[in-house]
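Notes for the one structure printed next.
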Amino acid sequence: MKITLTDFDKAFENRIRLQIMSVLVANESYDFNSLKDLLAVTDGNLASHLKALEKEEYISVTKSFLGRKPNTRYVASAKGITAFKKHLYALENLIKQQKG
Amino acid sequence: MENKEVYDEISSIKNIMERSTRFISLSGLSGVMAGIYALIGSWLAYNIIPEFLKPYVFIPDDKPGKELFNKSNVNYLFIILLIAAAVLLLSIGTGIWLTSRKAHRNRQSVWNQSSRALLSSGLIPLLTGGCFIIILLWQHYYMVIAPACLIFYGLALVAASQYTYGDVKWLGLLDVILGLLALMMPAYGLLLWALGFGVLHILYGTIMYYKYDRENNAD
């Protein structure tokens with residue numbers, strides 16, 4: 001079975017974006033600051049990657065308040081989870097193929 | 001894409017998924033300390049009861065010989081409970097302290113999504129067990145208390161193992177088995193309690209310390 005290059009999602013070409021998606025697939029939701037701590041990136045860097053994923057409709061955002069502190073939570077959308085899984089399968093198949 | 005790049009990509013995905021769901025600042029050393037407290041507590045509890053009363057400690061009120069135990073001036077049961085409470089509080093306190101220290105060293109937060117999940121998943125069996133034991137005490141079913149401690153604690157560990165080191169699951173299962181054994185052999189209740197909370201914790205704590213704590217920093 002030939003794996004076409006289109007099976008790899010352009011949105012996940014960036015390592016940080018792939019990691020963000022991985023976290024949101026493994027957890028029901030995750031908040032901005034926890035993502036920042038986990039991925040060790042700056043506010044701005046993280047925000048731009050999240051915006052890109054939001055644009056693809058792979059994730060959705062909910063802004064609320066925890067007392068007086070703003071809390072921004074992200075959830076992977078069904079579309080995003082499907083795209084992620086597809087990307088993952090493509091990666092695994094590539095290894096299987098190259099193993100011969 | 002190069003083969004190595006693909007491997008790197010897949011392992012980075014797995015790695016970040018684990019890191020985002022599991023609380024890995026749990027200190028193995030705190031397991032060792034809890035084990036030591038439990039052994040000391042068991043030894044104290046065993047020796048505080050005078051020799052002639054030892055056979056009657058864990059039997060219910062309606063069994064012969066219990067009047068002897070109940071007539072004694074000192075409330076041994078109360079003392080044993082105090083010892084148990086002290087072991088519990090010391091273990092929790094030491095655990096929190098050592099875990100916070102480890103988290104700080106790893107530059108991770110103690111209170112985050114994974115630690116919250118860890119606590120909430122473990123607290124349900126734990127609180128249920130606590131209520132169960134209190135009711136047992138109230139109804140004088142003393143023989144079931146040591147088994148109940150081991151079983152509910154073991155179940156709590158199995159539940160919580162999802163959100164921290166997976167190895168904890170095996171300690172939980174072993175404690176459940178010891179608890180069931182204690183239920184079958186009431187005379188060995190205290191011994192099995194000491195084994196499950198004392199010896200096993202020292203063993204596990206040491207293994208976890210060498211497996212996880214040392215790689216980060218020499219203690």
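Please note that chains go A, B, ... in the order of the structure tokens, that every chain numbers its residues from 1, and that ligands are numbered from 1 in the order shown.
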Report as a Markdown table: every residue of chain B with an atom at most 10 Å from chain A, its closest pair of atoms, and their distance in Å to one decimal, counting only C-alpha atoms, with rows sorted by chain and ascending residue number.
```
| residue | atom | partner | partner_atom | distance |
| --- | --- | --- | --- | --- |
| B:Met1 | CA | A:Leu94 | CA | 8.8 |
| B:Glu2 | CA | A:Ile95 | CA | 9.6 |
| B:Asn3 | CA | A:Ile95 | CA | 6.7 |
| B:Lys4 | CA | A:Ile95 | CA | 9.4 |
| B:Glu5 | CA | A:Leu91 | CA | 9.9 |
| B:Val6 | CA | A:Leu91 | CA | 6.3 |
| B:Tyr7 | CA | A:Ile95 | CA | 7.8 |
| B:Glu9 | CA | A:Arg15 | CA | 8.0 |
| B:Ile10 | CA | A:Leu91 | CA | 7.3 |
| B:Ser12 | CA | A:Gln19 | CA | 7.6 |
| B:Ile13 | CA | A:Ser22 | CA | 6.0 |
| B:Lys14 | CA | A:Ser22 | CA | 8.0 |
| B:Asn15 | CA | A:Gln19 | CA | 9.3 |
| B:Ile16 | CA | A:Gln19 | CA | 6.5 |
| B:Met17 | CA | A:Val23 | CA | 5.4 |
| B:Glu18 | CA | A:Ala26 | CA | 8.3 |
| B:Arg19 | CA | A:Leu38 | CA | 7.7 |
| B:Ser20 | CA | A:Val23 | CA | 6.1 |
| B:Thr21 | CA | A:Asn27 | CA | 6.9 |
| B:Arg107 | CA | A:Asp37 | CA | 9.4 |
| B:Gln108 | CA | A:Asp37 | CA | 7.9 |
| B:Ser109 | CA | A:Asp37 | CA | 8.7 |
| B:Asn112 | CA | A:Ser34 | CA | 7.4 |
| B:Gln113 | CA | A:Ser34 | CA | 7.7 |
| B:Ser114 | CA | A:Asn27 | CA | 9.7 |
```
field: Near-Asn71 of chain A list (10 Å; only C-alpha atoms; drop same-chain fewer than 6 positions) as a PyMOL selection string
entry: chain A and resi 31-33+62-65
- prompt: Leu50 of chain A: which residues within 8 Å, counting only C-alpha atoms, same-chain residues fewer than 3 positions away excluded, as number ranges by chain?
  reply: A: 17, 20, 46-47, 53-54
Would you export the selected residues with C-alpha atoms as a PDB file, in the first residue's frame, please?
```pdb
ATOM      1  CA  ARG A  17       1.532  22.055  16.918  1.00  0.00           C
ATOM      2  CA  ILE A  20      -0.365  20.567  21.347  1.00  0.00           C
ATOM      3  CA  LEU A  46       2.050  29.221  22.070  1.00  0.00           C
ATOM      4  CA  ALA A  47      -0.730  31.638  21.209  1.00  0.00           C
ATOM      5  CA  LEU A  53      -4.943  25.061  15.018  1.00  0.00           C
ATOM      6  CA  GLU A  54      -8.105  26.999  15.794  1.00  0.00           C
TER       7      GLU A  54
END
```
In segment 20-63 of chain A, DSSP alpha helix (DSSP H) residues written as a list of chain:residue names: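 Assigned to alpha helix (DSSP H), within segment 20-63 of chain A: A:Ile20, A:Met21, A:Ser22, A:Val23, A:Leu24, A:Val25, A:Ala26, A:Phe32, A:Asn33, A:Ser34, A:Leu35, A:Lys36, A:Asp37, A:Leu38, A:Leu39, A:Asp43, A:Gly44, A:Asn45, A:Leu46, A:Ala47, A:Ser48, A:His49, A:Leu50, A:Lys51, A:Ala52, A:Leu53, A:Glu54, A:Lys55.
Taking atom CA of Ile202 of chain B as the reference point, atom CA of Thr128 of chain B is found at 25.4 Å.
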query: Near Met33 of chain B, within 8 Å and counting only C-alpha atoms, which residues show up once chain neighbours fewer than 2 positions away are dropped, as a VMD selection string?
result: chain B and resid 29 to 31 35 to 37 91 94 202
Could you write out that same residue set with all heavy atoms as a JSON list (two decimals), in the first residue's frame?
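Full text of again_24.json as output:
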```
[["chain", "number", "residue", "atom", "x", "y", "z"],
["B", 29, "LEU", "N", 10.98, 8.21, 47.78],
["B", 29, "LEU", "CA", 11.46, 8.27, 49.16],
["B", 29, "LEU", "C", 10.31, 8.35, 50.15],
["B", 29, "LEU", "O", 10.38, 7.80, 51.25],
["B", 29, "LEU", "CB", 12.35, 9.50, 49.31],
["B", 29, "LEU", "CG", 13.63, 9.32, 50.11],
["B", 29, "LEU", "CD1", 14.43, 8.16, 49.57],
["B", 29, "LEU", "CD2", 14.47, 10.59, 50.01],
["B", 30, "SER", "N", 9.23, 9.03, 49.77],
["B", 30, "SER", "CA", 8.11, 9.17, 50.70],
["B", 30, "SER", "C", 7.47, 7.81, 50.95],
["B", 30, "SER", "O", 6.92, 7.58, 52.02],
["B", 30, "SER", "CB", 7.08, 10.16, 50.16],
["B", 30, "SER", "OG", 6.58, 9.74, 48.92],
["B", 31, "GLY", "N", 7.56, 6.92, 49.96],
["B", 31, "GLY", "CA", 7.07, 5.55, 50.15],
["B", 31, "GLY", "C", 7.88, 4.84, 51.22],
["B", 31, "GLY", "O", 7.34, 4.15, 52.09],
["B", 35, "GLY", "N", 6.63, 3.56, 54.90],
["B", 35, "GLY", "CA", 6.85, 2.19, 55.31],
["B", 35, "GLY", "C", 7.50, 2.12, 56.69],
["B", 35, "GLY", "O", 7.12, 1.29, 57.52],
["B", 36, "ILE", "N", 8.46, 3.00, 56.91],
["B", 36, "ILE", "CA", 9.13, 3.02, 58.21],
["B", 36, "ILE", "C", 8.16, 3.42, 59.31],
["B", 36, "ILE", "O", 8.11, 2.79, 60.37],
["B", 36, "ILE", "CB", 10.33, 4.00, 58.16],
["B", 36, "ILE", "CG1", 11.39, 3.44, 57.22],
["B", 36, "ILE", "CG2", 10.91, 4.20, 59.55],
["B", 36, "ILE", "CD1", 12.57, 4.36, 57.00],
["B", 37, "TYR", "N", 7.36, 4.45, 59.05],
["B", 37, "TYR", "CA", 6.37, 4.86, 60.05],
["B", 37, "TYR", "C", 5.41, 3.71, 60.36],
["B", 37, "TYR", "O", 5.06, 3.47, 61.51],
["B", 37, "TYR", "CB", 5.54, 6.05, 59.55],
["B", 37, "TYR", "CG", 6.32, 7.30, 59.26],
["B", 37, "TYR", "CD1", 5.95, 8.13, 58.19],
["B", 37, "TYR", "CD2", 7.40, 7.68, 60.03],
["B", 37, "TYR", "CE1", 6.65, 9.28, 57.91],
["B", 37, "TYR", "CE2", 8.12, 8.83, 59.75],
["B", 37, "TYR", "CZ", 7.73, 9.63, 58.68],
["B", 37, "TYR", "OH", 8.42, 10.77, 58.37],
["B", 91, "SER", "N", 2.79, 10.06, 57.37],
["B", 91, "SER", "CA", 3.05, 9.60, 56.00],
["B", 91, "SER", "C", 2.58, 10.63, 54.98],
["B", 91, "SER", "O", 3.29, 10.93, 54.02],
["B", 91, "SER", "CB", 2.33, 8.27, 55.74],
["B", 91, "SER", "OG", 2.74, 7.30, 56.66],
["B", 94, "THR", "N", 4.93, 13.80, 55.21],
["B", 94, "THR", "CA", 6.23, 13.54, 54.59],
["B", 94, "THR", "C", 6.08, 13.42, 53.09],
["B", 94, "THR", "O", 6.92, 13.93, 52.33],
["B", 94, "THR", "CB", 6.83, 12.23, 55.14],
["B", 94, "THR", "OG1", 6.76, 12.25, 56.55],
["B", 94, "THR", "CG2", 8.27, 12.08, 54.71],
["B", 202, "ILE", "N", 8.46, 0.11, 51.82],
["B", 202, "ILE", "CA", 9.90, 0.36, 51.83],
["B", 202, "ILE", "C", 10.52, -0.23, 50.55],
["B", 202, "ILE", "O", 11.34, 0.41, 49.89],
["B", 202, "ILE", "CB", 10.54, -0.27, 53.08],
["B", 202, "ILE", "CG1", 10.07, 0.47, 54.32],
["B", 202, "ILE", "CG2", 12.06, -0.23, 52.99],
["B", 202, "ILE", "CD1", 10.58, -0.10, 55.62]]
```
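Omitting Leu191 of chain B and its sequence neighbours fewer than 5 positions away, and counting only C-alpha atoms, the residues within 10 Å are Leu39, Ser42, Trp43, Tyr46, Ala146, Ala182, Pro186, Gly196 and Gly198 of chain B.
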field: Polymer residues at most 10 Å from Val32 of chain B, only C-alpha atoms, same-chain spacing of 4 or more positions, as a ChimeraX atom specification
entry: /B:27-28,36-38,91,95,197-209
Let's have the selection written as a PDB file, in the first residue's frame, with N, CA and C atoms.
```
ATOM      1  N   SER B  27       7.356  11.254  44.969  1.00  0.00           N
ATOM      2  CA  SER B  27       8.659  10.879  45.507  1.00  0.00           C
ATOM      3  C   SER B  27       8.675   9.434  45.989  1.00  0.00           C
ATOM      4  N   GLY B  28       9.628   8.667  45.498  1.00  0.00           N
ATOM      5  CA  GLY B  28       9.766   7.279  45.931  1.00  0.00           C
ATOM      6  C   GLY B  28      10.191   7.202  47.387  1.00  0.00           C
ATOM      7  N   ILE B  36       8.457   3.001  56.907  1.00  0.00           N
ATOM      8  CA  ILE B  36       9.127   3.021  58.206  1.00  0.00           C
ATOM      9  C   ILE B  36       8.160   3.417  59.306  1.00  0.00           C
ATOM     10  N   TYR B  37       7.359   4.452  59.050  1.00  0.00           N
ATOM     11  CA  TYR B  37       6.365   4.863  60.046  1.00  0.00           C
ATOM     12  C   TYR B  37       5.410   3.713  60.361  1.00  0.00           C
ATOM     13  N   ALA B  38       4.993   3.015  59.324  1.00  0.00           N
ATOM     14  CA  ALA B  38       4.027   1.927  59.506  1.00  0.00           C
ATOM     15  C   ALA B  38       4.641   0.794  60.334  1.00  0.00           C
ATOM     16  N   SER B  91       2.787  10.062  57.369  1.00  0.00           N
ATOM     17  CA  SER B  91       3.049   9.599  55.999  1.00  0.00           C
ATOM     18  C   SER B  91       2.582  10.628  54.982  1.00  0.00           C
ATOM     19  N   GLY B  95       5.023  12.750  52.668  1.00  0.00           N
ATOM     20  CA  GLY B  95       4.788  12.577  51.235  1.00  0.00           C
ATOM     21  C   GLY B  95       4.639  13.907  50.528  1.00  0.00           C
ATOM     22  N   PHE B 197       1.741  -2.275  54.556  1.00  0.00           N
ATOM     23  CA  PHE B 197       2.012  -0.847  54.676  1.00  0.00           C
ATOM     24  C   PHE B 197       3.470  -0.578  55.014  1.00  0.00           C
ATOM     25  N   GLY B 198       4.119  -1.538  55.624  1.00  0.00           N
ATOM     26  CA  GLY B 198       5.504  -1.322  56.040  1.00  0.00           C
ATOM     27  C   GLY B 198       6.499  -1.848  55.026  1.00  0.00           C
ATOM     28  N   VAL B 199       6.660  -3.170  55.034  1.00  0.00           N
ATOM     29  CA  VAL B 199       7.681  -3.795  54.188  1.00  0.00           C
ATOM     30  C   VAL B 199       7.510  -3.473  52.705  1.00  0.00           C
ATOM     31  N   LEU B 200       6.293  -3.632  52.189  1.00  0.00           N
ATOM     32  CA  LEU B 200       6.069  -3.399  50.761  1.00  0.00           C
ATOM     33  C   LEU B 200       6.358  -1.963  50.359  1.00  0.00           C
ATOM     34  N   HIS B 201       5.997  -1.020  51.242  1.00  0.00           N
ATOM     35  CA  HIS B 201       6.238   0.375  50.907  1.00  0.00           C
ATOM     36  C   HIS B 201       7.715   0.699  50.890  1.00  0.00           C
ATOM     37  N   ILE B 202       8.456   0.114  51.817  1.00  0.00           N
ATOM     38  CA  ILE B 202       9.903   0.357  51.827  1.00  0.00           C
ATOM     39  C   ILE B 202      10.515  -0.229  50.552  1.00  0.00           C
ATOM     40  N   LEU B 203      10.064  -1.418  50.203  1.00  0.00           N
ATOM     41  CA  LEU B 203      10.567  -2.080  48.993  1.00  0.00           C
ATOM     42  C   LEU B 203      10.254  -1.255  47.746  1.00  0.00           C
ATOM     43  N   TYR B 204       8.993  -0.918  47.584  1.00  0.00           N
ATOM     44  CA  TYR B 204       8.557  -0.154  46.422  1.00  0.00           C
ATOM     45  C   TYR B 204       9.183   1.218  46.363  1.00  0.00           C
ATOM     46  N   GLY B 205       9.210   1.876  47.526  1.00  0.00           N
ATOM     47  CA  GLY B 205       9.781   3.214  47.572  1.00  0.00           C
ATOM     48  C   GLY B 205      11.229   3.197  47.116  1.00  0.00           C
ATOM     49  N   THR B 206      11.953   2.178  47.551  1.00  0.00           N
ATOM     50  CA  THR B 206      13.361   2.070  47.164  1.00  0.00           C
ATOM     51  C   THR B 206      13.492   1.832  45.660  1.00  0.00           C
ATOM     52  N   ILE B 207      12.686   0.925  45.140  1.00  0.00           N
ATOM     53  CA  ILE B 207      12.731   0.657  43.697  1.00  0.00           C
ATOM     54  C   ILE B 207      12.424   1.914  42.899  1.00  0.00           C
ATOM     55  N   MET B 208      11.370   2.632  43.309  1.00  0.00           N
ATOM     56  CA  MET B 208      10.981   3.841  42.588  1.00  0.00           C
ATOM     57  C   MET B 208      12.054   4.918  42.719  1.00  0.00           C
ATOM     58  N   TYR B 209      12.676   4.987  43.883  1.00  0.00           N
ATOM     59  CA  TYR B 209      13.725   5.984  44.088  1.00  0.00           C
ATOM     60  C   TYR B 209      14.860   5.750  43.106  1.00  0.00           C
TER      61      TYR B 209
END
```
message: Taking 2 positions as the minimum chain separation for residues in the same chain, which residues sit within 12 Å of Lys10 of chain A when counting only C-alpha atoms? Answer as a PyMOL selection string.
response: chain A and resi 5-8+12-15+17-18+52-53+56+83-84+86-87
- prompt: What is the atom CA of Leu81 of chain B to atom CA of Trp97 of chain B distance in Å?
  reply: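 Separation between atom CA of Leu81 of chain B and atom CA of Trp97 of chain B: 24.1 Å.
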query: What gap, in Å, lies between atom CA of Lys211 of chain B and atom CA of Ile24 of chain B?
result: 11.8 Å
- request: Enumerate as a ChimeraX atom specification all residues of chain A assigned to strand (DSSP E or B) by DSSP on the backbone, naming them with the chain letters and numbers the document uses.
  value: /A:30-31,59-66,69-76
statement: Counting only C-alpha atoms, the residue among B:Asp175, B:Asp8, B:Asp213, B:Glu51 that lies closest to Tyr153 of chain B is B:Asp175
